[in-house]
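Comments concern the structure below.
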Amino acid sequence: MNKNLTSPHNDQALFNKIAGLIEESRRRVATTVNTAMVYTYYEVGRYIVEDEQQGNYRAEYGKAVLKELAERLTAQFGKGWSMEQLQKYRFFYKTYSSKRISSTLSTKLQITGNQEDIDSLKSNYSIQKVADTPALHPVFTLSWSHYVILMRIENPDERSFYEIECAKQNWSVRQLQRQVASSLYERLALSRDKAEVMRLAQEGQTIEKPTDILKNPLTLEFLGLREEAAYTESKLEGAIISKMQQFLLEMGKGFLFEARQKRFTFDEQHFFVDLVFYNRLLRCYVLIDLKTDSLSHQDLGQMQMYVNYFNRYVRLDDERPTIGILLCKEKNDALVELTLPDDANIYAQQYALYLPDKQLLQQKLKQWIDEEETKAE
């Protein structure tokens, strides 16, 4: 037998291609099945709500109907159809259906037949015919486990933000749980003006300018450091490095980690930047210095030097100016404004070692929006 007829390398390459194809096919099948089940749960919820409305719904009577329905469905289809699950499907439908929107869009379809209206509708809703009755459905792209978390969010704008971000960034269920628990929506909103807060709900987080990457505050509860315990900047840096995946998730879109304690030499002196990142969406370097003590004008001057060095000797001609962030326990925007010129591209970013009080942040956000509306009047 000619040994040249077979090649272990080629065999492995062929295996890898086929294995990759099979795995991708399985992922698609799993995604398709999961999506189909989400639509099924939505329809089940719709049937239950419509049955309640037709039967002059009373709470006790409704419970009895659901209990009997759950028993019959479980007997025929097995797990997943308990009374608690049916109540969840009912809540899912009520959360994601909007009578006002559905009525308006349905009217456009049936009366005007305007193609622009239909195209607009298709971008946010799917039309299915169930039992010879046209039904309007939101488009579902996530798993049922994701929607179980999302439908608990009362604020529709906040819910929309997390749904968009989850789909764009392919968050796992655990990552979504963490982002909701860390009040990502409120922290981003409090760092933006009113128009950009509305944009969060419609488009998710957009990264177009340096301030888009800021949060108020940056939450680092995953580091495991205690707020009351004494720790050094070196220990904080080490904790971030050991949890870099979680840190990048918290930093947000487009961040790539380049180096820690990045050394550069100028005028025969060595300088070290704590953390160096690159943001591919902004197309610029992002330098981070860690401060566990109070922020000083010397810290700002040092960061200004770091930023100047990267702008002059590191960044390419087609890249945007370098961003400097002083990550500190207590930010001092007034000191930054007084010390640095307006175009310095340097920011003080507060961090917290614990999950923020979501209710408190919601109150702050509402108060801030009310103040903005009052100013506008």
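By convention in this document, the chains of the structure tokens carry letters A, B, ... by their order, each chain's residues are numbered from 1, and ligands are numbered from 1 in the order they are shown.
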Which residues of segment 338-366 of chain A come within 12 Å of segment 324-332 of chain A, and for each one, what is the closest pair of atoms and their distance in Å to one decimal, counting only C-alpha atoms, sorted by chain and residue number, as CSV?
```
residue,atom,partner,partner_atom,distance
A:Leu338,CA,A:Asn332,CA,10.2
A:Thr339,CA,A:Asn332,CA,10.9
A:Leu340,CA,A:Gly324,CA,11.9
A:Asp343,CA,A:Gly324,CA,11.7
A:Ala344,CA,A:Gly324,CA,8.6
A:Asn345,CA,A:Gly324,CA,6.4
A:Ile346,CA,A:Gly324,CA,4.5
A:Tyr347,CA,A:Ile325,CA,4.9
A:Ala348,CA,A:Leu326,CA,4.9
A:Gln349,CA,A:Leu327,CA,4.9
A:Gln350,CA,A:Lys331,CA,5.0
A:Tyr351,CA,A:Lys329,CA,5.5
A:Ala352,CA,A:Lys329,CA,6.9
A:Leu353,CA,A:Lys329,CA,9.1
A:Tyr354,CA,A:Lys329,CA,11.9
```
Distance query Ile164 of chain A at most 12 Å, only C-alpha atoms, self and fewer than 4 positions along chain excluded, as a JSON list (two decimals) with C-alpha atoms, in the first residue's frame:
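Result written to result.json:
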```
[["chain", "number", "residue", "atom", "x", "y", "z"],
["A", 124, "ASN", "CA", -40.69, 44.33, 14.77],
["A", 139, "VAL", "CA", -40.27, 38.79, 16.92],
["A", 140, "PHE", "CA", -38.54, 36.52, 19.43],
["A", 141, "THR", "CA", -34.85, 35.78, 18.93],
["A", 142, "LEU", "CA", -33.74, 34.61, 22.39],
["A", 146, "HIS", "CA", -33.77, 34.66, 28.60],
["A", 150, "LEU", "CA", -36.74, 39.81, 30.71],
["A", 157, "ASP", "CA", -37.72, 50.72, 27.80],
["A", 158, "GLU", "CA", -35.35, 48.91, 30.13],
["A", 159, "ARG", "CA", -36.67, 45.53, 28.97],
["A", 160, "SER", "CA", -36.20, 46.53, 25.34],
["A", 168, "LYS", "CA", -26.42, 41.66, 19.73],
["A", 169, "GLN", "CA", -23.80, 40.44, 22.18],
["A", 170, "ASN", "CA", -25.01, 36.86, 22.47],
["A", 171, "TRP", "CA", -25.24, 37.00, 26.27],
["A", 176, "LEU", "CA", -28.04, 38.56, 31.28],
["A", 185, "TYR", "CA", -29.43, 50.16, 31.93],
["A", 199, "ARG", "CA", -31.87, 55.67, 22.11],
["A", 200, "LEU", "CA", -30.82, 53.01, 24.61],
["A", 201, "ALA", "CA", -34.35, 51.58, 24.53],
["A", 202, "GLN", "CA", -34.55, 51.69, 20.74],
["A", 203, "GLU", "CA", -31.05, 50.62, 19.68],
["A", 204, "GLY", "CA", -29.26, 49.30, 22.74],
["A", 205, "GLN", "CA", -25.83, 50.65, 23.65],
["A", 206, "THR", "CA", -24.21, 52.51, 20.76]]
```
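In this model, the gap between atom CA of Phe266 of chain A and atom CA of Asp342 of chain A comes to 25.5 Å.
For the pair atom CA of Gln175 of chain A and atom CA of Ile149 of chain A, the interatomic distance is 11.2 Å.
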Might you pull out every residue within 10 Å of segment 38-40 of chain A, with only C-alpha atoms counted and same-chain residues fewer than 4 positions away left off, and present them as a PDB file with N, CA and C atoms, in the first residue's frame?
```pdb
ATOM      1  N   THR A  32     -33.531  26.835  16.448  1.00  0.00           N
ATOM      2  CA  THR A  32     -34.833  26.825  15.789  1.00  0.00           C
ATOM      3  C   THR A  32     -35.900  26.228  16.696  1.00  0.00           C
ATOM      4  N   VAL A  33     -35.569  25.104  17.336  1.00  0.00           N
ATOM      5  CA  VAL A  33     -36.513  24.457  18.243  1.00  0.00           C
ATOM      6  C   VAL A  33     -36.848  25.362  19.411  1.00  0.00           C
ATOM      7  N   ASN A  34     -35.801  26.005  19.976  1.00  0.00           N
ATOM      8  CA  ASN A  34     -36.007  26.889  21.134  1.00  0.00           C
ATOM      9  C   ASN A  34     -36.897  28.066  20.751  1.00  0.00           C
ATOM     10  N   VAL A  44     -49.798  30.043  23.672  1.00  0.00           N
ATOM     11  CA  VAL A  44     -50.520  29.434  24.792  1.00  0.00           C
ATOM     12  C   VAL A  44     -51.028  30.533  25.722  1.00  0.00           C
ATOM     13  N   GLY A  45     -50.162  31.484  26.014  1.00  0.00           N
ATOM     14  CA  GLY A  45     -50.557  32.617  26.854  1.00  0.00           C
ATOM     15  C   GLY A  45     -51.691  33.406  26.231  1.00  0.00           C
ATOM     16  N   ARG A  46     -51.622  33.589  24.906  1.00  0.00           N
ATOM     17  CA  ARG A  46     -52.686  34.334  24.208  1.00  0.00           C
ATOM     18  C   ARG A  46     -54.027  33.603  24.318  1.00  0.00           C
ATOM     19  N   TYR A  89     -46.688  31.547  31.088  1.00  0.00           N
ATOM     20  CA  TYR A  89     -46.952  31.797  29.674  1.00  0.00           C
ATOM     21  C   TYR A  89     -47.992  32.912  29.521  1.00  0.00           C
ATOM     22  N   PHE A  92     -46.213  36.075  30.152  1.00  0.00           N
ATOM     23  CA  PHE A  92     -45.334  36.335  29.009  1.00  0.00           C
ATOM     24  C   PHE A  92     -46.123  37.018  27.888  1.00  0.00           C
ATOM     25  N   TYR A  93     -47.287  36.488  27.584  1.00  0.00           N
ATOM     26  CA  TYR A  93     -48.119  37.092  26.537  1.00  0.00           C
ATOM     27  C   TYR A  93     -48.527  38.515  26.923  1.00  0.00           C
ATOM     28  N   HIS A 137     -47.508  39.130  16.244  1.00  0.00           N
ATOM     29  CA  HIS A 137     -46.586  38.653  17.271  1.00  0.00           C
ATOM     30  C   HIS A 137     -45.318  39.488  17.273  1.00  0.00           C
ATOM     31  N   PRO A 138     -44.758  39.776  18.425  1.00  0.00           N
ATOM     32  CA  PRO A 138     -43.407  40.314  18.461  1.00  0.00           C
ATOM     33  C   PRO A 138     -42.437  39.268  17.894  1.00  0.00           C
ATOM     34  N   VAL A 139     -41.290  39.710  17.406  1.00  0.00           N
ATOM     35  CA  VAL A 139     -40.275  38.786  16.918  1.00  0.00           C
ATOM     36  C   VAL A 139     -39.410  38.346  18.090  1.00  0.00           C
ATOM     37  N   PHE A 140     -39.329  37.062  18.321  1.00  0.00           N
ATOM     38  CA  PHE A 140     -38.540  36.516  19.425  1.00  0.00           C
ATOM     39  C   PHE A 140     -37.266  35.879  18.879  1.00  0.00           C
ATOM     40  N   THR A 141     -36.140  36.286  19.412  1.00  0.00           N
ATOM     41  CA  THR A 141     -34.846  35.778  18.930  1.00  0.00           C
ATOM     42  C   THR A 141     -34.026  35.095  20.030  1.00  0.00           C
ATOM     43  N   LEU A 142     -34.498  35.157  21.265  1.00  0.00           N
ATOM     44  CA  LEU A 142     -33.742  34.613  22.395  1.00  0.00           C
ATOM     45  C   LEU A 142     -34.378  33.320  22.891  1.00  0.00           C
ATOM     46  N   SER A 143     -33.708  32.687  23.835  1.00  0.00           N
ATOM     47  CA  SER A 143     -34.245  31.457  24.415  1.00  0.00           C
ATOM     48  C   SER A 143     -35.327  31.783  25.440  1.00  0.00           C
ATOM     49  N   TRP A 144     -36.111  30.783  25.767  1.00  0.00           N
ATOM     50  CA  TRP A 144     -37.160  30.955  26.763  1.00  0.00           C
ATOM     51  C   TRP A 144     -36.568  31.373  28.105  1.00  0.00           C
ATOM     52  N   SER A 145     -35.425  30.808  28.464  1.00  0.00           N
ATOM     53  CA  SER A 145     -34.777  31.161  29.738  1.00  0.00           C
ATOM     54  C   SER A 145     -34.434  32.640  29.793  1.00  0.00           C
ATOM     55  N   TYR A 147     -36.135  35.017  28.213  1.00  0.00           N
ATOM     56  CA  TYR A 147     -37.394  35.765  28.345  1.00  0.00           C
ATOM     57  C   TYR A 147     -37.994  35.643  29.746  1.00  0.00           C
TER      58      TYR A 147
END
```
Could you check which of A:Arg72, A:Thr265, A:Val173, A:Asn16 is closest to Tyr313 of chain A, using only C-alpha atoms?
A:Thr265
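Atom pair atom CA of Arg260 of chain A / atom CA of Phe277 of chain A has a distance of 9.1 Å (rounded to one decimal).
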